[in-house]
Amino acid sequence: MVTAFQNTQVLLLAAVLLAACLAKLTVRETAGHASHHVHGVPVPAGLARLTALRGSRGMAVGLGIAEGVLGLALLVTSHMGVRLATTVAFAAATWVVGELRVRRPDAGCGCFGGLSARKVDRRSVLRAALFTAAAVAALGAPLPGLDVLLDVQAQVGLVLAVELALFAALSPELSAVVERRRLAHGTGRAAMPCERRRSPIEETYATLYDSPAWVEHENVVASAVPLDVWREGCWRFVVFPARVHERDVEIVFAVSTAERDRTVRSALVPADPPPDGAEDGDGGGFAGSPGHQVDSVSSSGGASS
């Protein structure tokens, strides 16, 4: 059973690498998808340059070719060097995806080219970590992928089917493929850019109250009336007074104004006096919106309609 499991990992990794290669070579990433600001804060110049390099067409093609070579090598040889290179590649990808989730939550991972344009979330990090674990398990596999395919055992087929189902559940790219097919057949429409989309305040509150971020902080919110509300680009910020560990703080919720797949993020900040005469404006931020030093941040998926 252990040998069958190890051989299955070779097939899984080869399939993933070849799929990533094909996606990178055929599906371009949207130009300028990631902005130079995250929640209104400028991204450091070095990180912005690295993000731009990662999203460049030349880098995508180079990575795609390298992934294709590794995938084919896993199919035709059981050489330990190929297995080690695959393990290192997936471990590096896991680190990159984790860093993107922390430092560039507005940018997609590009794991499958233009299909991976959605913001990096926990599913993407978990998927990369599981592939790294599969690569480690494949180090001891006795057979190359083609030999496994030529004599597929029932155990291999069952394990591969379960792992592919798990991979599909952790892959937001599948919904992107479905959406592209709908658009290609004229049965769907492209979502309006979030920074230009009109987002009623009622929609923001509905998304906020239906999110895990609100459930997490609901018990410490001191008032149902927000202290401040303003909008910046693709986010509307809602500030509530709160009391945490006998200390007065403010909870800032950042609610996405996107048409689909809206998310909600939250941060605890020191309590400041609310600005005088502040009123919500649907099209932009408040004049003199307060800037805070963030103590802690959490994020979660919100309602979508």
# chains A, B, ... in the order shown; residues from 1 in each chain; ligands from 1

call {"tool": "residues_around", "arguments": {"residues": "A:Val252", "least_positions_apart": "6", "cutoff": "7 Å", "atoms": "only C-alpha atoms", "output": "PDB file with N, CA, C and O atoms, in the first residue's frame"}}
result
ATOM      1  N   PHE A 237     -14.192  50.853   4.216  1.00  0.00           N
ATOM      2  CA  PHE A 237     -13.726  50.650   5.586  1.00  0.00           C
ATOM      3  C   PHE A 237     -14.814  51.091   6.554  1.00  0.00           C
ATOM      4  O   PHE A 237     -15.361  52.187   6.431  1.00  0.00           O
ATOM      5  N   VAL A 238     -15.104  50.237   7.534  1.00  0.00           N
ATOM      6  CA  VAL A 238     -16.104  50.513   8.561  1.00  0.00           C
ATOM      7  C   VAL A 238     -15.430  50.352   9.916  1.00  0.00           C
ATOM      8  O   VAL A 238     -14.862  49.288  10.210  1.00  0.00           O
ATOM      9  N   VAL A 239     -15.481  51.409  10.743  1.00  0.00           N
ATOM     10  CA  VAL A 239     -14.775  51.420  12.019  1.00  0.00           C
ATOM     11  C   VAL A 239     -15.794  51.359  13.157  1.00  0.00           C
ATOM     12  O   VAL A 239     -16.733  52.171  13.209  1.00  0.00           O
ATOM     13  N   PHE A 240     -15.609  50.399  14.072  1.00  0.00           N
ATOM     14  CA  PHE A 240     -16.471  50.257  15.237  1.00  0.00           C
ATOM     15  C   PHE A 240     -15.644  50.396  16.509  1.00  0.00           C
ATOM     16  O   PHE A 240     -14.484  49.938  16.558  1.00  0.00           O
ATOM     17  N   SER A 266     -10.141  42.422   8.793  1.00  0.00           N
ATOM     18  CA  SER A 266     -10.324  43.197  10.014  1.00  0.00           C
ATOM     19  C   SER A 266      -8.982  43.487  10.660  1.00  0.00           C
ATOM     20  O   SER A 266      -8.024  42.739  10.489  1.00  0.00           O
ATOM     21  N   ALA A 267      -8.947  44.583  11.406  1.00  0.00           N
ATOM     22  CA  ALA A 267      -7.726  44.975  12.110  1.00  0.00           C
ATOM     23  C   ALA A 267      -8.100  45.689  13.397  1.00  0.00           C
ATOM     24  O   ALA A 267      -9.063  46.460  13.440  1.00  0.00           O
ATOM     25  N   LEU A 268      -7.341  45.426  14.480  1.00  0.00           N
ATOM     26  CA  LEU A 268      -7.494  46.141  15.742  1.00  0.00           C
ATOM     27  C   LEU A 268      -6.495  47.283  15.778  1.00  0.00           C
ATOM     28  O   LEU A 268      -5.303  47.075  15.530  1.00  0.00           O
TER      29      LEU A 268
END

call {"tool": "residues_around", "arguments": {"residues": "A:Val61", "least_positions_apart": "4", "cutoff": "8 Å", "atoms": "only C-alpha atoms", "output": "NGL selection string"}}
result
:A and (24-25 or 57 or 65)

call {"tool": "closest_residue", "arguments": {"among": "A:Pro200, A:Pro226, A:Pro241, A:Gly64", "to": "A:Ala258", "atoms": "only C-alpha atoms"}}
result
A:Pro200

call {"tool": "select_by_dssp", "arguments": {"residues": "stretch 42-275 of chain A", "states": "alpha helix (DSSP H)", "output": "PyMOL selection string"}}
result
chain A and resi 45-54+57-76+80-103+122-138+145-150+154-169+173-184+201-209+212-217

call {"tool": "residues_around", "arguments": {"residues": "stretch 90-93 of chain A", "least_positions_apart": "6", "cutoff": "7 Å", "atoms": "only C-alpha atoms", "output": "list in words"}}
result
Ala128, Phe131 and Thr132 of chain A

call {"tool": "closest_atom_pairs", "arguments": {"of": "stretch 157-271 of chain A", "to": "stretch 107-111 of chain A", "cutoff": "12 Å", "atoms": "only C-alpha atoms", "output": "JSON lines"}}
result
{"residue": "A:Ser171", "atom": "CA", "partner": "A:Cys111", "partner_atom": "CA", "distance": 10.2}
{"residue": "A:Pro172", "atom": "CA", "partner": "A:Gly108", "partner_atom": "CA", "distance": 10.7}
{"residue": "A:Glu173", "atom": "CA", "partner": "A:Cys111", "partner_atom": "CA", "distance": 9.3}

call {"tool": "write_last_selection", "arguments": {"atoms": "N, CA and C atoms", "output": "mmCIF file, in the first residue's frame"}}
result
data_model
loop_
_atom_site.group_PDB
_atom_site.id
_atom_site.type_symbol
_atom_site.label_atom_id
_atom_site.label_comp_id
_atom_site.auth_asym_id
_atom_site.auth_seq_id
_atom_site.Cartn_x
_atom_site.Cartn_y
_atom_site.Cartn_z
ATOM 1 N N SER A 171 -8.897 24.455 -5.389
ATOM 2 C CA SER A 171 -8.445 25.201 -6.560
ATOM 3 C C SER A 171 -9.504 26.196 -7.033
ATOM 4 N N PRO A 172 -9.319 27.495 -6.734
ATOM 5 C CA PRO A 172 -10.251 28.506 -7.263
ATOM 6 C C PRO A 172 -10.144 28.655 -8.770
ATOM 7 N N GLU A 173 -9.088 28.105 -9.371
ATOM 8 C CA GLU A 173 -8.923 28.212 -10.815
ATOM 9 C C GLU A 173 -10.038 27.511 -11.586
#

call {"tool": "atom_distance", "arguments": {"atom1": "atom CA of A:Pro270", "atom2": "atom CA of A:His217"}}
result
15.4 Å

call {"tool": "residues_around", "arguments": {"residues": "A:Ala134", "least_positions_apart": "4", "cutoff": "8 Å", "atoms": "only C-alpha atoms", "output": "number ranges by chain"}}
result
A: 9, 13, 130, 138

call {"tool": "residues_around", "arguments": {"residues": "A:Leu84", "least_positions_apart": "2", "cutoff": "10 Å", "atoms": "only C-alpha atoms", "output": "mmCIF file with all heavy atoms, in the first residue's frame"}}
result
data_model
loop_
_atom_site.group_PDB
_atom_site.id
_atom_site.type_symbol
_atom_site.label_atom_id
_atom_site.label_comp_id
_atom_site.auth_asym_id
_atom_site.auth_seq_id
_atom_site.Cartn_x
_atom_site.Cartn_y
_atom_site.Cartn_z
ATOM 1 N N HIS A 79 14.845 8.991 -11.499
ATOM 2 C CA HIS A 79 16.114 9.513 -10.986
ATOM 3 C C HIS A 79 15.860 10.397 -9.765
ATOM 4 O O HIS A 79 14.956 11.221 -9.740
ATOM 5 C CB HIS A 79 16.824 10.315 -12.081
ATOM 6 C CG HIS A 79 18.267 10.588 -11.767
ATOM 7 N ND1 HIS A 79 18.668 11.599 -10.916
ATOM 8 C CD2 HIS A 79 19.399 9.974 -12.196
ATOM 9 C CE1 HIS A 79 19.975 11.602 -10.823
ATOM 10 N NE2 HIS A 79 20.451 10.620 -11.596
ATOM 11 N N MET A 80 16.698 10.203 -8.739
ATOM 12 C CA MET A 80 16.519 10.940 -7.490
ATOM 13 C C MET A 80 16.702 12.447 -7.689
ATOM 14 O O MET A 80 16.054 13.252 -7.003
ATOM 15 C CB MET A 80 17.516 10.434 -6.435
ATOM 16 C CG MET A 80 17.378 11.125 -5.079
ATOM 17 S SD MET A 80 15.703 11.007 -4.349
ATOM 18 C CE MET A 80 15.607 9.246 -4.037
ATOM 19 N N GLY A 81 17.538 12.842 -8.648
ATOM 20 C CA GLY A 81 17.740 14.261 -8.893
ATOM 21 C C GLY A 81 16.455 14.948 -9.336
ATOM 22 O O GLY A 81 16.154 16.078 -8.931
ATOM 23 N N VAL A 82 15.673 14.252 -10.171
ATOM 24 C CA VAL A 82 14.395 14.808 -10.629
ATOM 25 C C VAL A 82 13.432 14.934 -9.461
ATOM 26 O O VAL A 82 12.735 15.948 -9.304
ATOM 27 C CB VAL A 82 13.791 13.920 -11.732
ATOM 28 C CG1 VAL A 82 12.385 14.396 -12.098
ATOM 29 C CG2 VAL A 82 14.694 13.905 -12.952
ATOM 30 N N THR A 86 11.887 18.436 -7.910
ATOM 31 C CA THR A 86 10.446 18.633 -7.775
ATOM 32 C C THR A 86 10.078 19.048 -6.359
ATOM 33 O O THR A 86 9.263 19.957 -6.146
ATOM 34 C CB THR A 86 9.698 17.342 -8.147
ATOM 35 O OG1 THR A 86 10.049 16.956 -9.481
ATOM 36 C CG2 THR A 86 8.203 17.531 -8.044
ATOM 37 N N THR A 87 10.698 18.401 -5.377
ATOM 38 C CA THR A 87 10.426 18.739 -3.975
ATOM 39 C C THR A 87 10.828 20.180 -3.668
ATOM 40 O O THR A 87 10.084 20.934 -3.028
ATOM 41 C CB THR A 87 11.165 17.774 -3.039
ATOM 42 O OG1 THR A 87 10.790 16.432 -3.347
ATOM 43 C CG2 THR A 87 10.833 18.071 -1.581
ATOM 44 N N VAL A 88 12.015 20.572 -4.133
ATOM 45 C CA VAL A 88 12.480 21.942 -3.906
ATOM 46 C C VAL A 88 11.566 22.948 -4.589
ATOM 47 O O VAL A 88 11.237 24.003 -4.026
ATOM 48 C CB VAL A 88 13.937 22.103 -4.408
ATOM 49 C CG1 VAL A 88 14.362 23.568 -4.385
ATOM 50 C CG2 VAL A 88 14.880 21.269 -3.551
ATOM 51 N N ALA A 89 11.119 22.617 -5.800
ATOM 52 C CA ALA A 89 10.242 23.526 -6.543
ATOM 53 C C ALA A 89 8.927 23.751 -5.802
ATOM 54 O O ALA A 89 8.455 24.886 -5.672
ATOM 55 C CB ALA A 89 9.972 22.971 -7.937
ATOM 56 N N ALA A 135 5.385 15.638 -2.832
ATOM 57 C CA ALA A 135 6.711 15.546 -3.438
ATOM 58 C C ALA A 135 7.684 14.824 -2.520
ATOM 59 O O ALA A 135 8.525 14.030 -2.971
ATOM 60 C CB ALA A 135 7.226 16.942 -3.781
ATOM 61 N N VAL A 136 7.575 15.079 -1.221
ATOM 62 C CA VAL A 136 8.424 14.373 -0.256
ATOM 63 C C VAL A 136 8.099 12.883 -0.266
ATOM 64 O O VAL A 136 9.001 12.029 -0.254
ATOM 65 C CB VAL A 136 8.240 14.966 1.155
ATOM 66 C CG1 VAL A 136 8.984 14.121 2.193
ATOM 67 C CG2 VAL A 136 8.743 16.407 1.202
ATOM 68 N N ALA A 138 6.913 11.214 -2.726
ATOM 69 C CA ALA A 138 7.313 10.635 -4.015
ATOM 70 C C ALA A 138 8.805 10.354 -4.100
ATOM 71 O O ALA A 138 9.245 9.681 -5.037
ATOM 72 C CB ALA A 138 6.898 11.564 -5.154
ATOM 73 N N LEU A 139 9.590 10.843 -3.147
ATOM 74 C CA LEU A 139 11.043 10.602 -3.190
ATOM 75 C C LEU A 139 11.361 9.106 -3.166
ATOM 76 O O LEU A 139 12.338 8.662 -3.772
ATOM 77 C CB LEU A 139 11.723 11.300 -2.004
ATOM 78 C CG LEU A 139 11.776 12.820 -2.048
ATOM 79 C CD1 LEU A 139 12.330 13.374 -0.735
ATOM 80 C CD2 LEU A 139 12.629 13.300 -3.218
#

call {"tool": "residues_around", "arguments": {"residues": "A:Ala15", "least_positions_apart": "6", "cutoff": "12 Å", "atoms": "only C-alpha atoms", "output": "PyMOL selection string"}}
result
chain A and resi 8-9+21-22+67-75+131+145-146+149+160+163-164+167

call {"tool": "closest_residue", "arguments": {"among": "A:Glu203, A:Trp235, A:Arg83, A:Leu170", "to": "A:Pro142", "atoms": "only C-alpha atoms"}}
result
A:Arg83

call {"tool": "residues_around", "arguments": {"residues": "A:Ala271", "least_positions_apart": "6", "cutoff": "8 Å", "atoms": "only C-alpha atoms", "output": "PyMOL selection string"}}
result
chain A and resi 241+248-250

call {"tool": "closest_residue", "arguments": {"among": "A:Gly140, A:Gly233, A:Gly98, A:Pro193", "to": "A:Val120", "atoms": "only C-alpha atoms"}}
result
A:Gly98

call {"tool": "atom_distance", "arguments": {"atom1": "atom CA of A:Arg28", "atom2": "atom CA of A:Gly113"}}
result
6.1 Å

call {"tool": "atom_distance", "arguments": {"atom1": "atom CA of A:Val244", "atom2": "atom CA of A:Thr263"}}
result
23.7 Å
